[in-house]
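What follows is a short report on a single structure.
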There are 2 protein chains.
Amino acid sequence: MADNYHHGNLRQALIDAGLKIINESGEEELSLRKVAARCGVSHAAPYAHFKDKNELIEAIMDSVTDKFMSVLENAVTDKPNADAAIIAMGREYVTFFHKNPDYFTFLFGKQGIRVHLKMNKEYKDDYPPFLLLRRLYLKHLDENGLEKTYEEQEIDLIKIWSIVHGMASIACVKGIKTSVNWKNIDERLLT
Amino acid sequence: MADNYHHGNLRQALIDAGLKIINESGEEELSLRKVAARCGVSHAAPYAHFKDKNELIEAIMDSVTDKFMSVLENAVTDKPNADAAIIAMGREYVTFFHKNPDYFTFLFGKQGIRVHLKMNKEYKDDYPPFLLLRRLYLKHLDENGLEKTYEEQEIDLIKIWSIVHGMASIACVKGIKTSVNWKNIDERLLT
DNA sequence: CTGCTATCTTTACATTGTCAAGTTACCATC
DNA sequence: GATGGTAACTTGACAATGTAAAGATAGCAG
């Protein structure tokens, strides 16, 4: 309905088109005008939904993060205990970005826009995947009857996240070739 | 000499000016024309020295990598054994990027341009910091009389580099606040 | 002195982000 | 149903940018 004006769901269409461009040709090819063209609207139409190019990018990041989270949550459910869940999550974390290296660059390339990790008191506005990891970690402590100081917990979390994220980073570096099968990582994810 | 034409050392001046801009206002502010303006030359002058904007960026990356390497090599010399050297290198690795988060984004944000890690047979064209790490790691094996298969070595190296690079990544994420003192990291760098 | 070549300038053009002003369609209210 | 308001979209414009083409300059080899 509405042949020209009032696209109906332009906002989402712009996000999807942007994501598609990133998948096809990388982030540097993403421009407001191209995205608008793909949706069949004029070059300034996006400004009705996004204040900025940055705001569109943030929306796309949210979209990718949602996809990522659903993959992670999926990998975590139905695991016997927290340890198994953490390993499964770590494996999926690396695998996800290994399968979509563009997403890694996109999410973490220009850091600071969306990714906020705060390990201390305030438990909000964190990066969702990290929230999941912390949840599993606390479950792990609980299941094994462990008691750790807040600082020890934080160090553990950083350690886990560092190695997982670092591996994802390595797995995404173009041109790297290792004998590691990024779909089978076990022995090196230990709390 | 040469008031207008023949700047004398424009290539290096462009690299330095570019680096300065990145330090002052981040990579997104870097443009060929601004760099040229800072050097007092016309906006197309850089094309006599660099084929592309990318080629200038790569030159700047090389420059940063050189700085980085000299810091690392400095941290590594005069250490009693390989283990101490590895720990020192890891600490400096994180600290360097913690002090210059812009460099981290710059070097690893758009990956694939310059950073090539190859863990297998061909020992050339690697990322210099990684070459250093491998050198120290092999020294470590030697010093402790350890013998490992090639695959085990590779896994060890990835493990070490992952955690160090991952920490650097965390330490650089804007907005993160942890109780970890990024200038004192010991217990979590073990081969 | 002559010409070659690397270096730099000028001019030009397409792409892009962004703004301002106008248009259109829908919605609530009279 | 007419009316006005507002959100969604278009058109036109501008500055910044990357880049190509053509010309100018200077130093150097012969």
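Identifiers in this document derive from the order of the structure tokens: chains are assigned A, B, ..., residues are numbered from 1 separately in each chain, and ligands are numbered from 1 in order of occurrence.
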Please check the contacts: residues of chain B at most 10 Å away from chain C, using only C-alpha atoms (C1' of nucleotides), listed as a PyMOL selection string.
chain B and resi 4-8+10+41-49
Expected file contents, prior selection, all heavy atoms, as a compact mmCIF listing (two decimals), in the first residue's frame:
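Output below, filename out-v2.txt:
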```txt
# COMPACT_ATOMS: atom_id res chain seq x y z
N ASN B 4 58.63 25.87 -2.74
CA ASN B 4 57.36 25.21 -2.94
C ASN B 4 57.54 23.75 -3.36
O ASN B 4 57.22 22.84 -2.62
CB ASN B 4 56.54 25.95 -4.00
CG ASN B 4 55.68 27.01 -3.35
OD1 ASN B 4 55.46 26.98 -2.14
ND2 ASN B 4 55.18 27.93 -4.13
N TYR B 5 58.05 23.60 -4.54
CA TYR B 5 58.22 22.27 -5.09
C TYR B 5 59.31 21.50 -4.33
O TYR B 5 60.16 22.05 -3.66
CB TYR B 5 58.60 22.38 -6.57
CG TYR B 5 57.42 22.57 -7.48
CD1 TYR B 5 56.75 23.78 -7.54
CD2 TYR B 5 56.94 21.53 -8.25
CE1 TYR B 5 55.67 23.96 -8.36
CE2 TYR B 5 55.85 21.70 -9.09
CZ TYR B 5 55.22 22.92 -9.14
OH TYR B 5 54.15 23.09 -9.94
N HIS B 6 59.21 20.20 -4.42
CA HIS B 6 60.23 19.33 -3.86
C HIS B 6 60.44 19.56 -2.37
O HIS B 6 61.45 20.05 -1.91
CB HIS B 6 61.54 19.49 -4.63
CG HIS B 6 61.40 19.00 -6.03
ND1 HIS B 6 60.78 19.75 -7.01
CD2 HIS B 6 61.75 17.84 -6.63
CE1 HIS B 6 60.79 19.08 -8.14
NE2 HIS B 6 61.37 17.90 -7.95
N HIS B 7 59.48 19.17 -1.69
CA HIS B 7 59.41 19.30 -0.24
C HIS B 7 60.63 18.71 0.44
O HIS B 7 61.05 19.18 1.49
CB HIS B 7 58.14 18.58 0.24
CG HIS B 7 57.94 18.56 1.70
ND1 HIS B 7 58.68 17.79 2.55
CD2 HIS B 7 57.07 19.24 2.48
CE1 HIS B 7 58.26 17.98 3.79
NE2 HIS B 7 57.30 18.85 3.76
N GLY B 8 61.21 17.68 -0.14
CA GLY B 8 62.42 17.12 0.41
C GLY B 8 62.19 15.77 1.04
O GLY B 8 62.88 14.80 0.73
N LEU B 10 58.71 14.57 1.76
CA LEU B 10 57.26 14.62 1.92
C LEU B 10 56.70 13.29 2.38
O LEU B 10 55.81 13.24 3.23
CB LEU B 10 56.61 15.03 0.60
CG LEU B 10 55.09 15.18 0.66
CD1 LEU B 10 54.68 16.17 1.72
CD2 LEU B 10 54.52 15.59 -0.69
N VAL B 41 51.24 21.14 1.34
CA VAL B 41 51.27 20.83 -0.09
C VAL B 41 49.83 20.73 -0.61
O VAL B 41 48.88 20.72 0.17
CB VAL B 41 52.01 19.50 -0.36
CG1 VAL B 41 53.48 19.64 -0.02
CG2 VAL B 41 51.38 18.36 0.42
N SER B 42 49.71 20.65 -1.90
CA SER B 42 48.37 20.59 -2.48
C SER B 42 47.73 19.23 -2.21
O SER B 42 48.40 18.27 -1.87
CB SER B 42 48.42 20.84 -3.97
OG SER B 42 48.89 19.69 -4.62
N HIS B 43 46.42 19.19 -2.41
CA HIS B 43 45.71 18.00 -1.96
C HIS B 43 46.04 16.75 -2.76
O HIS B 43 45.76 15.64 -2.31
CB HIS B 43 44.20 18.26 -2.00
CG HIS B 43 43.68 18.55 -3.38
ND1 HIS B 43 43.43 19.85 -3.80
CD2 HIS B 43 43.36 17.75 -4.40
CE1 HIS B 43 42.99 19.80 -5.03
NE2 HIS B 43 42.93 18.56 -5.42
N ALA B 44 46.59 16.90 -3.92
CA ALA B 44 46.91 15.72 -4.73
C ALA B 44 48.38 15.33 -4.63
O ALA B 44 48.80 14.35 -5.24
CB ALA B 44 46.52 15.96 -6.18
N ALA B 45 49.14 16.08 -3.88
CA ALA B 45 50.56 15.80 -3.77
C ALA B 45 50.85 14.38 -3.25
O ALA B 45 51.77 13.73 -3.75
CB ALA B 45 51.23 16.84 -2.89
N PRO B 46 50.09 13.89 -2.29
CA PRO B 46 50.38 12.54 -1.78
C PRO B 46 50.40 11.47 -2.86
O PRO B 46 51.07 10.45 -2.70
CB PRO B 46 49.23 12.28 -0.79
CG PRO B 46 48.83 13.62 -0.31
CD PRO B 46 49.00 14.53 -1.50
N TYR B 47 49.72 11.74 -3.97
CA TYR B 47 49.66 10.71 -5.00
C TYR B 47 51.01 10.50 -5.69
O TYR B 47 51.17 9.57 -6.48
CB TYR B 47 48.58 11.04 -6.02
CG TYR B 47 47.20 10.72 -5.50
CD1 TYR B 47 46.49 11.64 -4.73
CD2 TYR B 47 46.63 9.48 -5.74
CE1 TYR B 47 45.24 11.34 -4.23
CE2 TYR B 47 45.38 9.17 -5.25
CZ TYR B 47 44.69 10.10 -4.49
OH TYR B 47 43.46 9.80 -3.99
N ALA B 48 51.95 11.35 -5.42
CA ALA B 48 53.29 11.11 -5.95
C ALA B 48 54.02 10.05 -5.12
O ALA B 48 55.00 9.47 -5.58
CB ALA B 48 54.08 12.41 -5.96
N HIS B 49 53.52 9.81 -3.90
CA HIS B 49 54.21 8.88 -3.01
C HIS B 49 53.37 7.67 -2.66
O HIS B 49 53.92 6.63 -2.29
CB HIS B 49 54.62 9.60 -1.73
CG HIS B 49 55.51 10.77 -1.96
ND1 HIS B 49 56.88 10.65 -2.07
CD2 HIS B 49 55.24 12.08 -2.14
CE1 HIS B 49 57.42 11.84 -2.28
NE2 HIS B 49 56.43 12.73 -2.34
```
Select from chain D every residue with an atom at most 7 Å from any atom of chain A, then for each give the shortest pair of atoms and their distance in Å to one decimal, using only C-alpha atoms (C1' of nucleotides), rows by chain and rising number, as CSV.
```
residue,atom,partner,partner_atom,distance
D:DA8,C1',A:His6,CA,5.6
D:DC9,C1',A:Tyr5,CA,5.6
D:DT10,C1',A:Ser42,CA,6.4
```
Once you have the residues from the selection above, write them out as a PDB file, in the first residue's frame, restricted to all heavy atoms.
```
ATOM      1  P    DA D   8       7.480   8.331  11.177  1.00  0.00           P
ATOM      2  OP1  DA D   8       7.256   6.903  11.512  1.00  0.00           O
ATOM      3  OP2  DA D   8       8.643   9.059  11.687  1.00  0.00           O
ATOM      4  O5'  DA D   8       7.465   8.449   9.586  1.00  0.00           O
ATOM      5  C5'  DA D   8       6.389   7.837   8.884  1.00  0.00           C
ATOM      6  C4'  DA D   8       6.519   8.117   7.411  1.00  0.00           C
ATOM      7  O4'  DA D   8       6.356   9.540   7.196  1.00  0.00           O
ATOM      8  C3'  DA D   8       7.893   7.752   6.826  1.00  0.00           C
ATOM      9  O3'  DA D   8       7.672   6.958   5.673  1.00  0.00           O
ATOM     10  C2'  DA D   8       8.517   9.097   6.494  1.00  0.00           C
ATOM     11  C1'  DA D   8       7.318   9.980   6.263  1.00  0.00           C
ATOM     12  N9   DA D   8       7.525  11.400   6.547  1.00  0.00           N
ATOM     13  C8   DA D   8       8.088  11.962   7.657  1.00  0.00           C
ATOM     14  N7   DA D   8       8.125  13.272   7.644  1.00  0.00           N
ATOM     15  C5   DA D   8       7.543  13.604   6.429  1.00  0.00           C
ATOM     16  C6   DA D   8       7.281  14.838   5.800  1.00  0.00           C
ATOM     17  N6   DA D   8       7.594  16.025   6.352  1.00  0.00           N
ATOM     18  N1   DA D   8       6.683  14.821   4.578  1.00  0.00           N
ATOM     19  C2   DA D   8       6.368  13.624   4.039  1.00  0.00           C
ATOM     20  N3   DA D   8       6.564  12.390   4.535  1.00  0.00           N
ATOM     21  C4   DA D   8       7.161  12.455   5.742  1.00  0.00           C
ATOM     22  P    DC D   9       8.977   6.323   4.944  1.00  0.00           P
ATOM     23  OP1  DC D   9       8.499   5.112   4.232  1.00  0.00           O
ATOM     24  OP2  DC D   9      10.066   6.227   5.921  1.00  0.00           O
ATOM     25  O5'  DC D   9       9.369   7.418   3.850  1.00  0.00           O
ATOM     26  C5'  DC D   9       8.572   7.498   2.683  1.00  0.00           C
ATOM     27  C4'  DC D   9       8.802   8.800   1.954  1.00  0.00           C
ATOM     28  O4'  DC D   9       8.763   9.917   2.859  1.00  0.00           O
ATOM     29  C3'  DC D   9      10.152   8.938   1.256  1.00  0.00           C
ATOM     30  O3'  DC D   9      10.008   8.605  -0.122  1.00  0.00           O
ATOM     31  C2'  DC D   9      10.509  10.420   1.428  1.00  0.00           C
ATOM     32  C1'  DC D   9       9.312  11.004   2.143  1.00  0.00           C
ATOM     33  N1   DC D   9       9.705  12.096   3.096  1.00  0.00           N
ATOM     34  C2   DC D   9       9.508  13.415   2.718  1.00  0.00           C
ATOM     35  O2   DC D   9       9.009  13.655   1.614  1.00  0.00           O
ATOM     36  N3   DC D   9       9.864  14.417   3.565  1.00  0.00           N
ATOM     37  C4   DC D   9      10.388  14.125   4.752  1.00  0.00           C
ATOM     38  N4   DC D   9      10.721  15.130   5.565  1.00  0.00           N
ATOM     39  C5   DC D   9      10.604  12.765   5.173  1.00  0.00           C
ATOM     40  C6   DC D   9      10.254  11.797   4.317  1.00  0.00           C
ATOM     41  P    DT D  10      11.266   8.909  -1.086  1.00  0.00           P
ATOM     42  OP1  DT D  10      11.064   8.065  -2.287  1.00  0.00           O
ATOM     43  OP2  DT D  10      12.510   8.809  -0.314  1.00  0.00           O
ATOM     44  O5'  DT D  10      11.054  10.424  -1.516  1.00  0.00           O
ATOM     45  C5'  DT D  10       9.884  10.807  -2.214  1.00  0.00           C
ATOM     46  C4'  DT D  10      10.064  12.193  -2.824  1.00  0.00           C
ATOM     47  O4'  DT D  10      10.201  13.183  -1.764  1.00  0.00           O
ATOM     48  C3'  DT D  10      11.292  12.347  -3.721  1.00  0.00           C
ATOM     49  O3'  DT D  10      10.918  13.046  -4.895  1.00  0.00           O
ATOM     50  C2'  DT D  10      12.277  13.142  -2.866  1.00  0.00           C
ATOM     51  C1'  DT D  10      11.358  13.975  -1.981  1.00  0.00           C
ATOM     52  N1   DT D  10      11.925  14.308  -0.650  1.00  0.00           N
ATOM     53  C2   DT D  10      12.071  15.611  -0.271  1.00  0.00           C
ATOM     54  O2   DT D  10      11.750  16.551  -0.970  1.00  0.00           O
ATOM     55  N3   DT D  10      12.596  15.793   0.992  1.00  0.00           N
ATOM     56  C4   DT D  10      12.985  14.806   1.878  1.00  0.00           C
ATOM     57  O4   DT D  10      13.443  15.080   2.983  1.00  0.00           O
ATOM     58  C5   DT D  10      12.817  13.457   1.409  1.00  0.00           C
ATOM     59  C7   DT D  10      13.200  12.312   2.292  1.00  0.00           C
ATOM     60  C6   DT D  10      12.306  13.267   0.194  1.00  0.00           C
TER      61       DT D  10
END
```
Run DSSP on the backbone and grab whatever in stretch 1-87 of chain B lands in helix (DSSP H, G or I); send it over as a PyMOL selection string.
chain B and resi 10-25+27-29+32-38+45-48+53-76+82-87
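Nearest residue to chain A, choosing from B:Phe96, B:Ala75, B:Gly26, B:Leu136 and counting only C-alpha atoms: B:Gly26.
One distance worth recording is that between atom CA of A:Ser162 and atom CA of B:Ile87, which is 16.0 Å.
Of the residues under consideration (A:Glu143, A:Glu58, A:Asp126, A:Glu92), A:Asp126 shows the shortest atom-to-atom contact distance to chain B when counting only C-alpha atoms.
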Just the residues within 10 Å of A:Asn74, please, counting only C-alpha atoms (C1' of nucleotides), with nothing from its chain fewer than 3 positions along; format it as a ChimeraX atom specification.
/A:68-71,77-78,88-89,92
Got time to write the residues from that selection, N, CA and C atoms, as a compact mmCIF listing (two decimals), in the first residue's frame?
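Dumped everything to part35.txt:
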```
# COMPACT_ATOMS: atom_id res chain seq x y z
N PHE A 68 23.63 -12.88 17.07
CA PHE A 68 24.71 -13.51 17.81
C PHE A 68 24.20 -14.11 19.12
N MET A 69 23.43 -13.32 19.84
CA MET A 69 22.91 -13.77 21.13
C MET A 69 22.03 -14.99 20.98
N SER A 70 21.21 -15.01 19.95
CA SER A 70 20.30 -16.15 19.84
C SER A 70 21.09 -17.41 19.53
N VAL A 71 22.18 -17.27 18.77
CA VAL A 71 23.05 -18.41 18.53
C VAL A 71 23.67 -18.89 19.83
N THR A 77 21.65 -23.78 26.00
CA THR A 77 20.52 -24.50 26.62
C THR A 77 20.74 -26.00 26.55
N ASP A 78 20.12 -26.68 27.48
CA ASP A 78 20.16 -28.15 27.52
C ASP A 78 21.55 -28.69 27.80
N ALA A 88 30.54 -24.69 25.65
CA ALA A 88 29.72 -24.61 24.44
C ALA A 88 29.62 -23.17 23.96
N MET A 89 29.47 -22.26 24.89
CA MET A 89 29.37 -20.86 24.50
C MET A 89 30.67 -20.39 23.87
N GLU A 92 30.95 -21.66 20.39
CA GLU A 92 30.05 -20.97 19.47
C GLU A 92 30.52 -19.54 19.21
```
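For the residues B:Ile22, B:Leu132, B:Ala59, B:Leu107, ranking by smallest atom-to-atom distance to chain A using only C-alpha atoms places B:Leu107 first.
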